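Asks: I'd like to ask you about the structure that follows.
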Amino acid sequence: MSVPTIYDADRKGTVLRIERSSVHDGPGLRTVLFLKGCPLRCQWCSTPESQKFEIETGDSYSYGSVMTVQDVMRELRKDSLFFFISTGGITISGGEILAQPEFTRAVLRNCRAECMHTAIETSFFAPWETIKSILPYVNLAFVDMKFFSNDLHKQYTGVDNELIKQNLLATNELEEKFQLVIRTPIIPGLNDSEEELCKIGEFCTKLKKLSYVQLLPYHKLGTATYEKLGRAYALPGIKSPTPDQMAGYVKIIERYVENVIF
Ligand code: SF4
């Protein structure tokens, strides 16, 4: 059987790592391509090694490498059988995938040409034209809504969320068929007030392509990486929410949206 020609094969991107057999990043078994570089600085970020665009190296670590689209496709093709058996596929995550738009688009386009299911995980913090050019190659988009309040978003992520909200609303006008999932990481004391969650729930009712809302409990994975990088973790005193607390947050969002999971 002939191997399909790879579109934009020589384009380079900065990749953090490739992880196989994930069951949390879309349906079936997923191979997750993590890109390096993010314009946000979420204070709870569990992958601080993904934030800087440059490759970071130290005595005991090396984060990131330059790969071509062809390099990536060679890696992803190794998992085609697992995708077929598990009805899985590939997920591009970050960092922020929209910060390397040409590379992201080329990988997604090749995957779709090879009948792989494609998912993205993104903050949607990018120009609408960039997002619009990538969504035709996406089956499933996980988009974070970390806060509704712009002030809180700015305070805890470093950037405004008006652009994110506008971009989410703009998906209503697209003809492409893709599933939209809104993900909210629950950070106790920061975004778990009834008022904040109600506003998020209400906003979600305006999204025509919404498939479901997923609440993600805050966790402290990744704090050791801050130490390794010689950086301070900004939220040392926060505890992970219990399953009962998470069920309570789900109930609040369910006042607005039928399908809510955690
Ligand atoms: S958007 Fe994601 S990768 Fe970027 S800082 Fe926030 S949590 Fe970290």
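Ordering of the structure tokens sets the chain letters (A, B, ...), residue numbers begin anew at 1 in every chain, and ligands are numbered from 1 in the order given.
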Can I get the residues of chain A within 10 Å of ligand 1, each with the closest pair of atoms and their distance in Å to one decimal, using only C-alpha atoms and all ligand atoms, sorted chain first then ascending number, as a Markdown table?

Replies:
| residue | atom | partner | partner_atom_place_in_ligand_line | distance |
| --- | --- | --- | --- | --- |
| A:Phe34 | CA | ligand 1 | 3 (S) | 9.6 |
| A:Leu35 | CA | ligand 1 | 3 (S) | 9.3 |
| A:Lys36 | CA | ligand 1 | 3 (S) | 8.5 |
| A:Gly37 | CA | ligand 1 | 3 (S) | 7.6 |
| A:Cys38 | CA | ligand 1 | 4 (Fe) | 4.8 |
| A:Pro39 | CA | ligand 1 | 4 (Fe) | 6.6 |
| A:Leu40 | CA | ligand 1 | 5 (S) | 4.6 |
| A:Arg41 | CA | ligand 1 | 5 (S) | 4.0 |
| A:Cys42 | CA | ligand 1 | 6 (Fe) | 4.1 |
| A:Gln43 | CA | ligand 1 | 5 (S) | 7.3 |
| A:Trp44 | CA | ligand 1 | 7 (S) | 6.7 |
| A:Cys45 | CA | ligand 1 | 7 (S) | 4.0 |
| A:Ser46 | CA | ligand 1 | 8 (Fe) | 6.4 |
| A:Thr47 | CA | ligand 1 | 8 (Fe) | 5.7 |
| A:Pro48 | CA | ligand 1 | 8 (Fe) | 6.2 |
| A:Glu49 | CA | ligand 1 | 3 (S) | 8.6 |
| A:Ser50 | CA | ligand 1 | 3 (S) | 5.9 |
| A:Gln51 | CA | ligand 1 | 3 (S) | 5.7 |
| A:Lys52 | CA | ligand 1 | 4 (Fe) | 9.4 |
| A:Ser93 | CA | ligand 1 | 3 (S) | 8.4 |
| A:Gly94 | CA | ligand 1 | 3 (S) | 5.4 |
| A:Gly95 | CA | ligand 1 | 3 (S) | 3.9 |
| A:Glu96 | CA | ligand 1 | 4 (Fe) | 6.0 |
| A:Ile97 | CA | ligand 1 | 3 (S) | 9.3 |
| A:Glu121 | CA | ligand 1 | 2 (Fe) | 8.8 |
| A:Thr122 | CA | ligand 1 | 1 (S) | 7.1 |
| A:Ser123 | CA | ligand 1 | 1 (S) | 5.6 |
| A:Phe124 | CA | ligand 1 | 1 (S) | 9.2 |
| A:Phe125 | CA | ligand 1 | 1 (S) | 8.7 |
| A:Val143 | CA | ligand 1 | 1 (S) | 10.0 |
| A:Asp144 | CA | ligand 1 | 1 (S) | 8.0 |
| A:Lys146 | CA | ligand 1 | 6 (Fe) | 9.0 |
| A:Tyr156 | CA | ligand 1 | 6 (Fe) | 9.3 |
| A:Thr157 | CA | ligand 1 | 6 (Fe) | 6.6 |
| A:Gly158 | CA | ligand 1 | 5 (S) | 9.0 |
| A:Pro185 | CA | ligand 1 | 7 (S) | 9.1 |

Asks: Please produce an output containing C-alpha atoms for each residue in the selection, written as an mmCIF file, in the first residue's frame.

Replies:
data_model
loop_
_atom_site.group_PDB
_atom_site.id
_atom_site.type_symbol
_atom_site.label_atom_id
_atom_site.label_comp_id
_atom_site.auth_asym_id
_atom_site.auth_seq_id
_atom_site.Cartn_x
_atom_site.Cartn_y
_atom_site.Cartn_z
ATOM 1 C CA PHE A 34 2.249 18.627 23.176
ATOM 2 C CA LEU A 35 3.551 21.837 21.637
ATOM 3 C CA LYS A 36 5.804 24.265 23.428
ATOM 4 C CA GLY A 37 4.927 27.895 24.079
ATOM 5 C CA CYS A 38 1.891 29.606 25.566
ATOM 6 C CA PRO A 39 0.867 33.275 25.814
ATOM 7 C CA LEU A 40 -0.985 32.614 29.085
ATOM 8 C CA ARG A 41 0.500 32.213 32.560
ATOM 9 C CA CYS A 42 -2.185 30.377 34.528
ATOM 10 C CA GLN A 43 -1.049 30.344 38.129
ATOM 11 C CA TRP A 44 -2.088 26.678 38.574
ATOM 12 C CA CYS A 45 -0.495 25.481 35.298
ATOM 13 C CA SER A 46 0.561 21.856 35.701
ATOM 14 C CA THR A 47 2.947 21.947 32.735
ATOM 15 C CA PRO A 48 5.168 24.973 33.384
ATOM 16 C CA GLU A 49 7.729 23.406 31.057
ATOM 17 C CA SER A 50 5.261 24.035 28.213
ATOM 18 C CA GLN A 51 4.977 27.795 28.728
ATOM 19 C CA LYS A 52 8.171 29.191 27.202
ATOM 20 C CA SER A 93 -2.249 20.080 23.180
ATOM 21 C CA GLY A 94 0.068 22.648 24.687
ATOM 22 C CA GLY A 95 1.342 25.038 25.620
ATOM 23 C CA GLU A 96 -1.003 26.734 23.220
ATOM 24 C CA ILE A 97 -1.486 25.012 19.891
ATOM 25 C CA GLU A 121 -6.929 21.380 23.500
ATOM 26 C CA THR A 122 -6.718 25.176 23.493
ATOM 27 C CA SER A 123 -7.408 28.395 25.354
ATOM 28 C CA PHE A 124 -8.791 29.978 22.124
ATOM 29 C CA PHE A 125 -6.580 32.982 22.908
ATOM 30 C CA VAL A 143 -11.692 24.900 24.792
ATOM 31 C CA ASP A 144 -10.935 26.187 28.276
ATOM 32 C CA LYS A 146 -11.205 29.283 33.144
ATOM 33 C CA TYR A 156 -4.782 34.625 37.328
ATOM 34 C CA THR A 157 -3.823 33.914 33.703
ATOM 35 C CA GLY A 158 -2.190 37.194 32.698
ATOM 36 C CA PRO A 185 -10.580 23.721 35.685
#

Asks: Excluding Glu102 (chain A) and its own-chain neighbours fewer than 4 positions away, which residues fall within 12 Å of it when counting only C-alpha atoms? Please give them as a PDB file with N, CA, C and O atoms, in the first residue's frame.

Replies:
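New file selection32.pdb:
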ATOM      1  N   TYR A   7       1.708  16.670   3.427  1.00  0.00           N
ATOM      2  CA  TYR A   7       1.562  18.088   3.095  1.00  0.00           C
ATOM      3  C   TYR A   7       2.446  18.926   4.026  1.00  0.00           C
ATOM      4  O   TYR A   7       2.477  18.689   5.230  1.00  0.00           O
ATOM      5  N   ASP A   8       3.164  19.895   3.464  1.00  0.00           N
ATOM      6  CA  ASP A   8       3.999  20.842   4.234  1.00  0.00           C
ATOM      7  C   ASP A   8       5.009  20.077   5.125  1.00  0.00           C
ATOM      8  O   ASP A   8       5.268  20.467   6.277  1.00  0.00           O
ATOM      9  N   ALA A   9       5.561  19.009   4.557  1.00  0.00           N
ATOM     10  CA  ALA A   9       6.384  18.055   5.328  1.00  0.00           C
ATOM     11  C   ALA A   9       7.566  18.691   6.055  1.00  0.00           C
ATOM     12  O   ALA A   9       7.946  18.247   7.152  1.00  0.00           O
ATOM     13  N   ASP A  10       8.174  19.727   5.472  1.00  0.00           N
ATOM     14  CA  ASP A  10       9.396  20.278   6.067  1.00  0.00           C
ATOM     15  C   ASP A  10       9.153  21.394   7.082  1.00  0.00           C
ATOM     16  O   ASP A  10      10.111  21.928   7.651  1.00  0.00           O
ATOM     17  N   ARG A  11       7.890  21.745   7.281  1.00  0.00           N
ATOM     18  CA  ARG A  11       7.621  22.832   8.232  1.00  0.00           C
ATOM     19  C   ARG A  11       8.044  22.401   9.646  1.00  0.00           C
ATOM     20  O   ARG A  11       7.780  21.280  10.079  1.00  0.00           O
ATOM     21  N   LYS A  12       8.684  23.321  10.332  1.00  0.00           N
ATOM     22  CA  LYS A  12       9.194  22.980  11.669  1.00  0.00           C
ATOM     23  C   LYS A  12       8.314  23.561  12.778  1.00  0.00           C
ATOM     24  O   LYS A  12       7.759  24.652  12.632  1.00  0.00           O
ATOM     25  N   GLY A  13       8.235  22.826  13.877  1.00  0.00           N
ATOM     26  CA  GLY A  13       7.534  23.316  15.063  1.00  0.00           C
ATOM     27  C   GLY A  13       8.331  22.942  16.296  1.00  0.00           C
ATOM     28  O   GLY A  13       9.209  22.066  16.243  1.00  0.00           O
ATOM     29  N   THR A  14       8.042  23.615  17.391  1.00  0.00           N
ATOM     30  CA  THR A  14       8.710  23.246  18.649  1.00  0.00           C
ATOM     31  C   THR A  14       7.754  22.392  19.470  1.00  0.00           C
ATOM     32  O   THR A  14       6.675  22.837  19.862  1.00  0.00           O
ATOM     33  N   THR A  68       9.932  18.372  12.420  1.00  0.00           N
ATOM     34  CA  THR A  68       9.205  18.760  11.207  1.00  0.00           C
ATOM     35  C   THR A  68       7.840  18.068  11.215  1.00  0.00           C
ATOM     36  O   THR A  68       7.613  17.102  11.968  1.00  0.00           O
ATOM     37  N   VAL A  69       6.974  18.545  10.349  1.00  0.00           N
ATOM     38  CA  VAL A  69       5.660  17.903  10.200  1.00  0.00           C
ATOM     39  C   VAL A  69       5.860  16.435   9.814  1.00  0.00           C
ATOM     40  O   VAL A  69       5.175  15.534  10.294  1.00  0.00           O
ATOM     41  N   ILE A  97      -1.653  25.511  21.256  1.00  0.00           N
ATOM     42  CA  ILE A  97      -1.486  25.012  19.891  1.00  0.00           C
ATOM     43  C   ILE A  97      -1.676  26.102  18.842  1.00  0.00           C
ATOM     44  O   ILE A  97      -1.153  26.020  17.746  1.00  0.00           O
ATOM     45  N   LEU A  98      -2.456  27.147  19.206  1.00  0.00           N
ATOM     46  CA  LEU A  98      -2.734  28.223  18.245  1.00  0.00           C
ATOM     47  C   LEU A  98      -1.585  29.214  18.144  1.00  0.00           C
ATOM     48  O   LEU A  98      -1.599  30.116  17.319  1.00  0.00           O
ATOM     49  N   ALA A 106      -0.895  22.121   9.637  1.00  0.00           N
ATOM     50  CA  ALA A 106      -0.321  21.121   8.728  1.00  0.00           C
ATOM     51  C   ALA A 106      -0.445  19.713   9.322  1.00  0.00           C
ATOM     52  O   ALA A 106      -0.803  18.762   8.614  1.00  0.00           O
ATOM     53  N   VAL A 107      -0.164  19.580  10.620  1.00  0.00           N
ATOM     54  CA  VAL A 107      -0.280  18.243  11.243  1.00  0.00           C
ATOM     55  C   VAL A 107      -1.738  17.774  11.184  1.00  0.00           C
ATOM     56  O   VAL A 107      -2.025  16.631  10.790  1.00  0.00           O
ATOM     57  N   LEU A 108      -2.657  18.660  11.546  1.00  0.00           N
ATOM     58  CA  LEU A 108      -4.078  18.271  11.545  1.00  0.00           C
ATOM     59  C   LEU A 108      -4.537  17.896  10.137  1.00  0.00           C
ATOM     60  O   LEU A 108      -5.248  16.915   9.936  1.00  0.00           O
ATOM     61  N   ARG A 109      -4.116  18.689   9.172  1.00  0.00           N
ATOM     62  CA  ARG A 109      -4.531  18.431   7.778  1.00  0.00           C
ATOM     63  C   ARG A 109      -4.044  17.058   7.316  1.00  0.00           C
ATOM     64  O   ARG A 109      -4.775  16.298   6.680  1.00  0.00           O
ATOM     65  N   THR A 130      -7.023  32.876  12.704  1.00  0.00           N
ATOM     66  CA  THR A 130      -6.170  31.703  12.957  1.00  0.00           C
ATOM     67  C   THR A 130      -7.032  30.492  13.315  1.00  0.00           C
ATOM     68  O   THR A 130      -6.867  29.389  12.773  1.00  0.00           O
ATOM     69  N   ILE A 131      -7.952  30.708  14.231  1.00  0.00           N
ATOM     70  CA  ILE A 131      -8.820  29.603  14.672  1.00  0.00           C
ATOM     71  C   ILE A 131      -9.641  29.074  13.504  1.00  0.00           C
ATOM     72  O   ILE A 131      -9.760  27.858  13.298  1.00  0.00           O
ATOM     73  N   SER A 133      -8.982  29.035  10.448  1.00  0.00           N
ATOM     74  CA  SER A 133      -8.215  28.294   9.442  1.00  0.00           C
ATOM     75  C   SER A 133      -7.841  26.886   9.941  1.00  0.00           C
ATOM     76  O   SER A 133      -7.427  26.037   9.154  1.00  0.00           O
ATOM     77  N   ILE A 134      -7.986  26.661  11.227  1.00  0.00           N
ATOM     78  CA  ILE A 134      -7.600  25.364  11.791  1.00  0.00           C
ATOM     79  C   ILE A 134      -8.809  24.447  12.003  1.00  0.00           C
ATOM     80  O   ILE A 134      -8.727  23.221  11.800  1.00  0.00           O
TER      81      ILE A 134
END

Asks: Using only C-alpha atoms, which protein or nucleic acid residues come within 8 Å of Lys239 (chain A)? Drop anything in the same chain fewer than 5 positions from it, and give the result as a PyMOL selection string.

Replies: chain A and resi 188+218-219

Asks: Could you save those same residues with N, CA, C and O atoms as a JSON list (two decimals), in the first residue's frame?

Replies:
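Wrote it out as out.json, contents follow:
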[["chain", "number", "residue", "atom", "x", "y", "z"],
["A", 188, "PRO", "N", -10.35, 25.90, 43.63],
["A", 188, "PRO", "CA", -11.09, 26.37, 44.82],
["A", 188, "PRO", "C", -10.61, 27.73, 45.30],
["A", 188, "PRO", "O", -9.41, 27.99, 45.41],
["A", 218, "TYR", "N", -8.91, 20.82, 40.27],
["A", 218, "TYR", "CA", -7.55, 21.32, 40.48],
["A", 218, "TYR", "C", -6.68, 20.22, 41.08],
["A", 218, "TYR", "O", -7.13, 19.44, 41.93],
["A", 219, "HIS", "N", -5.44, 20.12, 40.62],
["A", 219, "HIS", "CA", -4.49, 19.17, 41.22],
["A", 219, "HIS", "C", -3.12, 19.81, 41.25],
["A", 219, "HIS", "O", -2.89, 20.85, 40.62]]

Asks: I need the residues of region 46-145 of chain A that end up classed as alpha helix (DSSP H) by DSSP on the backbone, written out as number ranges by chain.

Replies: A: 69-77, 80-86, 101-113, 128-134

Asks: I'd like to know which of A:Leu174, A:Leu169, A:Leu29, A:Leu152 is closest to Pro136 (chain A), using only C-alpha atoms.

Replies: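 Closest to Pro136 (chain A), using only C-alpha atoms: A:Leu174.
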
Asks: For Ile186 (chain A), which of A:Tyr137, A:Leu207, A:Pro241, A:Leu235 is the closest residue, counting only C-alpha atoms?

Replies: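 Looking only at the distances to Ile186 (chain A), the closest residue turns out to be A:Pro241.
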
Asks: As a PDB file with all heavy atoms, in the first residue's frame, please: all residues of region 59-142 of chain A that backbone DSSP puts in strand (DSSP E or B).

Replies:
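Once written, part_11.pdb looks like this:
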ATOM      1  N   SER A  62      15.614  18.512  29.954  1.00  0.00           N
ATOM      2  CA  SER A  62      15.640  19.127  28.620  1.00  0.00           C
ATOM      3  C   SER A  62      14.190  19.127  28.144  1.00  0.00           C
ATOM      4  O   SER A  62      13.574  18.064  28.011  1.00  0.00           O
ATOM      5  CB  SER A  62      16.516  18.297  27.685  1.00  0.00           C
ATOM      6  OG  SER A  62      16.427  18.849  26.396  1.00  0.00           O
ATOM      7  N   TYR A  63      13.632  20.307  27.955  1.00  0.00           N
ATOM      8  CA  TYR A  63      12.232  20.402  27.560  1.00  0.00           C
ATOM      9  C   TYR A  63      12.118  21.022  26.172  1.00  0.00           C
ATOM     10  O   TYR A  63      12.459  22.180  25.977  1.00  0.00           O
ATOM     11  CB  TYR A  63      11.446  21.255  28.561  1.00  0.00           C
ATOM     12  CG  TYR A  63      11.332  20.632  29.932  1.00  0.00           C
ATOM     13  CD1 TYR A  63      11.771  21.309  31.070  1.00  0.00           C
ATOM     14  CD2 TYR A  63      10.789  19.363  30.091  1.00  0.00           C
ATOM     15  CE1 TYR A  63      11.673  20.739  32.324  1.00  0.00           C
ATOM     16  CE2 TYR A  63      10.686  18.777  31.347  1.00  0.00           C
ATOM     17  CZ  TYR A  63      11.129  19.474  32.452  1.00  0.00           C
ATOM     18  OH  TYR A  63      11.032  18.899  33.694  1.00  0.00           O
ATOM     19  N   SER A  65      11.884  20.113  21.646  1.00  0.00           N
ATOM     20  CA  SER A  65      12.781  19.815  20.516  1.00  0.00           C
ATOM     21  C   SER A  65      12.092  20.293  19.246  1.00  0.00           C
ATOM     22  O   SER A  65      10.866  20.420  19.203  1.00  0.00           O
ATOM     23  CB  SER A  65      13.068  18.312  20.422  1.00  0.00           C
ATOM     24  OG  SER A  65      11.870  17.615  20.190  1.00  0.00           O
ATOM     25  N   VAL A  66      12.906  20.562  18.240  1.00  0.00           N
ATOM     26  CA  VAL A  66      12.327  20.989  16.966  1.00  0.00           C
ATOM     27  C   VAL A  66      12.037  19.739  16.136  1.00  0.00           C
ATOM     28  O   VAL A  66      12.894  18.864  16.008  1.00  0.00           O
ATOM     29  CB  VAL A  66      13.298  21.934  16.223  1.00  0.00           C
ATOM     30  CG1 VAL A  66      12.774  22.261  14.821  1.00  0.00           C
ATOM     31  CG2 VAL A  66      13.482  23.223  17.027  1.00  0.00           C
ATOM     32  N   MET A  67      10.818  19.661  15.627  1.00  0.00           N
ATOM     33  CA  MET A  67      10.442  18.535  14.763  1.00  0.00           C
ATOM     34  C   MET A  67       9.791  19.101  13.503  1.00  0.00           C
ATOM     35  O   MET A  67       9.158  20.157  13.550  1.00  0.00           O
ATOM     36  CB  MET A  67       9.429  17.608  15.463  1.00  0.00           C
ATOM     37  CG  MET A  67       9.988  16.850  16.657  1.00  0.00           C
ATOM     38  SD  MET A  67       8.727  15.805  17.456  1.00  0.00           S
ATOM     39  CE  MET A  67       8.750  14.345  16.400  1.00  0.00           C
ATOM     40  N   THR A  68       9.932  18.372  12.420  1.00  0.00           N
ATOM     41  CA  THR A  68       9.205  18.760  11.207  1.00  0.00           C
ATOM     42  C   THR A  68       7.840  18.068  11.215  1.00  0.00           C
ATOM     43  O   THR A  68       7.613  17.102  11.968  1.00  0.00           O
ATOM     44  CB  THR A  68       9.955  18.340   9.927  1.00  0.00           C
ATOM     45  OG1 THR A  68      10.039  16.910   9.920  1.00  0.00           O
ATOM     46  CG2 THR A  68      11.342  18.962   9.862  1.00  0.00           C
ATOM     47  N   GLY A  89      -7.534   8.463  18.295  1.00  0.00           N
ATOM     48  CA  GLY A  89      -6.946   9.366  17.317  1.00  0.00           C
ATOM     49  C   GLY A  89      -5.877  10.230  17.948  1.00  0.00           C
ATOM     50  O   GLY A  89      -5.316   9.882  18.989  1.00  0.00           O
ATOM     51  N   ILE A  90      -5.631  11.364  17.320  1.00  0.00           N
ATOM     52  CA  ILE A  90      -4.569  12.236  17.820  1.00  0.00           C
ATOM     53  C   ILE A  90      -5.173  13.480  18.472  1.00  0.00           C
ATOM     54  O   ILE A  90      -6.246  13.940  18.095  1.00  0.00           O
ATOM     55  CB  ILE A  90      -3.580  12.652  16.707  1.00  0.00           C
ATOM     56  CG1 ILE A  90      -4.225  13.687  15.763  1.00  0.00           C
ATOM     57  CG2 ILE A  90      -3.111  11.471  15.886  1.00  0.00           C
ATOM     58  CD1 ILE A  90      -3.619  15.030  15.883  1.00  0.00           C
ATOM     59  N   THR A  91      -4.464  13.989  19.466  1.00  0.00           N
ATOM     60  CA  THR A  91      -4.864  15.231  20.132  1.00  0.00           C
ATOM     61  C   THR A  91      -3.649  16.147  20.152  1.00  0.00           C
ATOM     62  O   THR A  91      -2.556  15.702  20.506  1.00  0.00           O
ATOM     63  CB  THR A  91      -5.334  14.937  21.573  1.00  0.00           C
ATOM     64  OG1 THR A  91      -6.419  14.015  21.523  1.00  0.00           O
ATOM     65  CG2 THR A  91      -5.790  16.221  22.273  1.00  0.00           C
ATOM     66  N   ILE A  92      -3.855  17.390  19.745  1.00  0.00           N
ATOM     67  CA  ILE A  92      -2.754  18.362  19.854  1.00  0.00           C
ATOM     68  C   ILE A  92      -3.059  19.259  21.046  1.00  0.00           C
ATOM     69  O   ILE A  92      -4.168  19.796  21.182  1.00  0.00           O
ATOM     70  CB  ILE A  92      -2.553  19.184  18.571  1.00  0.00           C
ATOM     71  CG1 ILE A  92      -2.469  18.256  17.356  1.00  0.00           C
ATOM     72  CG2 ILE A  92      -1.272  20.007  18.676  1.00  0.00           C
ATOM     73  CD1 ILE A  92      -2.089  18.967  16.059  1.00  0.00           C
ATOM     74  N   SER A  93      -2.071  19.345  21.930  1.00  0.00           N
ATOM     75  CA  SER A  93      -2.249  20.080  23.180  1.00  0.00           C
ATOM     76  C   SER A  93      -1.048  20.998  23.370  1.00  0.00           C
ATOM     77  O   SER A  93      -0.145  21.065  22.545  1.00  0.00           O
ATOM     78  CB  SER A  93      -2.390  19.065  24.321  1.00  0.00           C
ATOM     79  OG  SER A  93      -2.737  19.716  25.510  1.00  0.00           O
ATOM     80  N   HIS A 117      -8.859  10.524  13.599  1.00  0.00           N
ATOM     81  CA  HIS A 117      -9.721  11.441  14.350  1.00  0.00           C
ATOM     82  C   HIS A 117      -8.820  12.486  15.008  1.00  0.00           C
ATOM     83  O   HIS A 117      -7.784  12.155  15.596  1.00  0.00           O
ATOM     84  CB  HIS A 117     -10.509  10.668  15.409  1.00  0.00           C
ATOM     85  CG  HIS A 117     -11.431  11.520  16.234  1.00  0.00           C
ATOM     86  ND1 HIS A 117     -11.012  12.193  17.349  1.00  0.00           N
ATOM     87  CD2 HIS A 117     -12.753  11.806  16.085  1.00  0.00           C
ATOM     88  CE1 HIS A 117     -12.038  12.860  17.863  1.00  0.00           C
ATOM     89  NE2 HIS A 117     -13.116  12.642  17.121  1.00  0.00           N
ATOM     90  N   THR A 118      -9.222  13.774  14.924  1.00  0.00           N
ATOM     91  CA  THR A 118      -8.366  14.845  15.449  1.00  0.00           C
ATOM     92  C   THR A 118      -9.067  15.636  16.547  1.00  0.00           C
ATOM     93  O   THR A 118     -10.243  15.992  16.426  1.00  0.00           O
ATOM     94  CB  THR A 118      -7.991  15.838  14.328  1.00  0.00           C
ATOM     95  OG1 THR A 118      -9.187  16.348  13.750  1.00  0.00           O
ATOM     96  CG2 THR A 118      -7.133  15.186  13.254  1.00  0.00           C
ATOM     97  N   ALA A 119      -8.321  15.898  17.622  1.00  0.00           N
ATOM     98  CA  ALA A 119      -8.831  16.749  18.707  1.00  0.00           C
ATOM     99  C   ALA A 119      -7.777  17.805  19.026  1.00  0.00           C
ATOM    100  O   ALA A 119      -6.578  17.595  18.789  1.00  0.00           O
ATOM    101  CB  ALA A 119      -9.135  15.906  19.942  1.00  0.00           C
ATOM    102  N   ILE A 120      -8.252  18.943  19.533  1.00  0.00           N
ATOM    103  CA  ILE A 120      -7.322  19.980  19.989  1.00  0.00           C
ATOM    104  C   ILE A 120      -7.701  20.393  21.407  1.00  0.00           C
ATOM    105  O   ILE A 120      -8.868  20.317  21.796  1.00  0.00           O
ATOM    106  CB  ILE A 120      -7.316  21.229  19.070  1.00  0.00           C
ATOM    107  CG1 ILE A 120      -8.739  21.820  18.915  1.00  0.00           C
ATOM    108  CG2 ILE A 120      -6.724  20.893  17.712  1.00  0.00           C
ATOM    109  CD1 ILE A 120      -8.763  23.170  18.188  1.00  0.00           C
ATOM    110  N   GLU A 121      -6.699  20.818  22.169  1.00  0.00           N
ATOM    111  CA  GLU A 121      -6.929  21.380  23.500  1.00  0.00           C
ATOM    112  C   GLU A 121      -6.329  22.782  23.480  1.00  0.00           C
ATOM    113  O   GLU A 121      -5.120  22.935  23.227  1.00  0.00           O
ATOM    114  CB  GLU A 121      -6.264  20.509  24.573  1.00  0.00           C
ATOM    115  CG  GLU A 121      -6.929  19.159  24.659  1.00  0.00           C
ATOM    116  CD  GLU A 121      -6.260  18.162  25.591  1.00  0.00           C
ATOM    117  OE1 GLU A 121      -5.053  18.312  25.874  1.00  0.00           O
ATOM    118  OE2 GLU A 121      -6.936  17.223  26.032  1.00  0.00           O
ATOM    119  N   THR A 122      -7.159  23.797  23.728  1.00  0.00           N
ATOM    120  CA  THR A 122      -6.718  25.176  23.493  1.00  0.00           C
ATOM    121  C   THR A 122      -7.427  26.157  24.416  1.00  0.00           C
ATOM    122  O   THR A 122      -8.532  25.891  24.895  1.00  0.00           O
ATOM    123  CB  THR A 122      -6.980  25.559  22.010  1.00  0.00           C
ATOM    124  OG1 THR A 122      -6.789  26.968  21.850  1.00  0.00           O
ATOM    125  CG2 THR A 122      -8.393  25.219  21.569  1.00  0.00           C
ATOM    126  N   LEU A 140     -12.866  17.474  17.143  1.00  0.00           N
ATOM    127  CA  LEU A 140     -13.281  17.740  18.529  1.00  0.00           C
ATOM    128  C   LEU A 140     -12.388  18.835  19.102  1.00  0.00           C
ATOM    129  O   LEU A 140     -11.160  18.731  19.052  1.00  0.00           O
ATOM    130  CB  LEU A 140     -13.113  16.433  19.333  1.00  0.00           C
ATOM    131  CG  LEU A 140     -13.256  16.458  20.843  1.00  0.00           C
ATOM    132  CD1 LEU A 140     -14.641  16.924  21.255  1.00  0.00           C
ATOM    133  CD2 LEU A 140     -13.019  15.039  21.406  1.00  0.00           C
ATOM    134  N   ALA A 141     -13.008  19.896  19.625  1.00  0.00           N
ATOM    135  CA  ALA A 141     -12.223  21.004  20.192  1.00  0.00           C
ATOM    136  C   ALA A 141     -12.541  21.143  21.676  1.00  0.00           C
ATOM    137  O   ALA A 141     -13.693  21.404  22.049  1.00  0.00           O
ATOM    138  CB  ALA A 141     -12.544  22.300  19.460  1.00  0.00           C
ATOM    139  N   PHE A 142     -11.533  20.916  22.521  1.00  0.00           N
ATOM    140  CA  PHE A 142     -11.664  21.192  23.956  1.00  0.00           C
ATOM    141  C   PHE A 142     -11.181  22.631  24.162  1.00  0.00           C
ATOM    142  O   PHE A 142     -10.003  22.929  23.910  1.00  0.00           O
ATOM    143  CB  PHE A 142     -10.767  20.268  24.781  1.00  0.00           C
ATOM    144  CG  PHE A 142     -11.165  18.823  24.763  1.00  0.00           C
ATOM    145  CD1 PHE A 142     -10.457  17.894  24.008  1.00  0.00           C
ATOM    146  CD2 PHE A 142     -12.233  18.358  25.527  1.00  0.00           C
ATOM    147  CE1 PHE A 142     -10.802  16.556  24.000  1.00  0.00           C
ATOM    148  CE2 PHE A 142     -12.595  17.019  25.530  1.00  0.00           C
ATOM    149  CZ  PHE A 142     -11.872  16.115  24.765  1.00  0.00           C
TER     150      PHE A 142
END
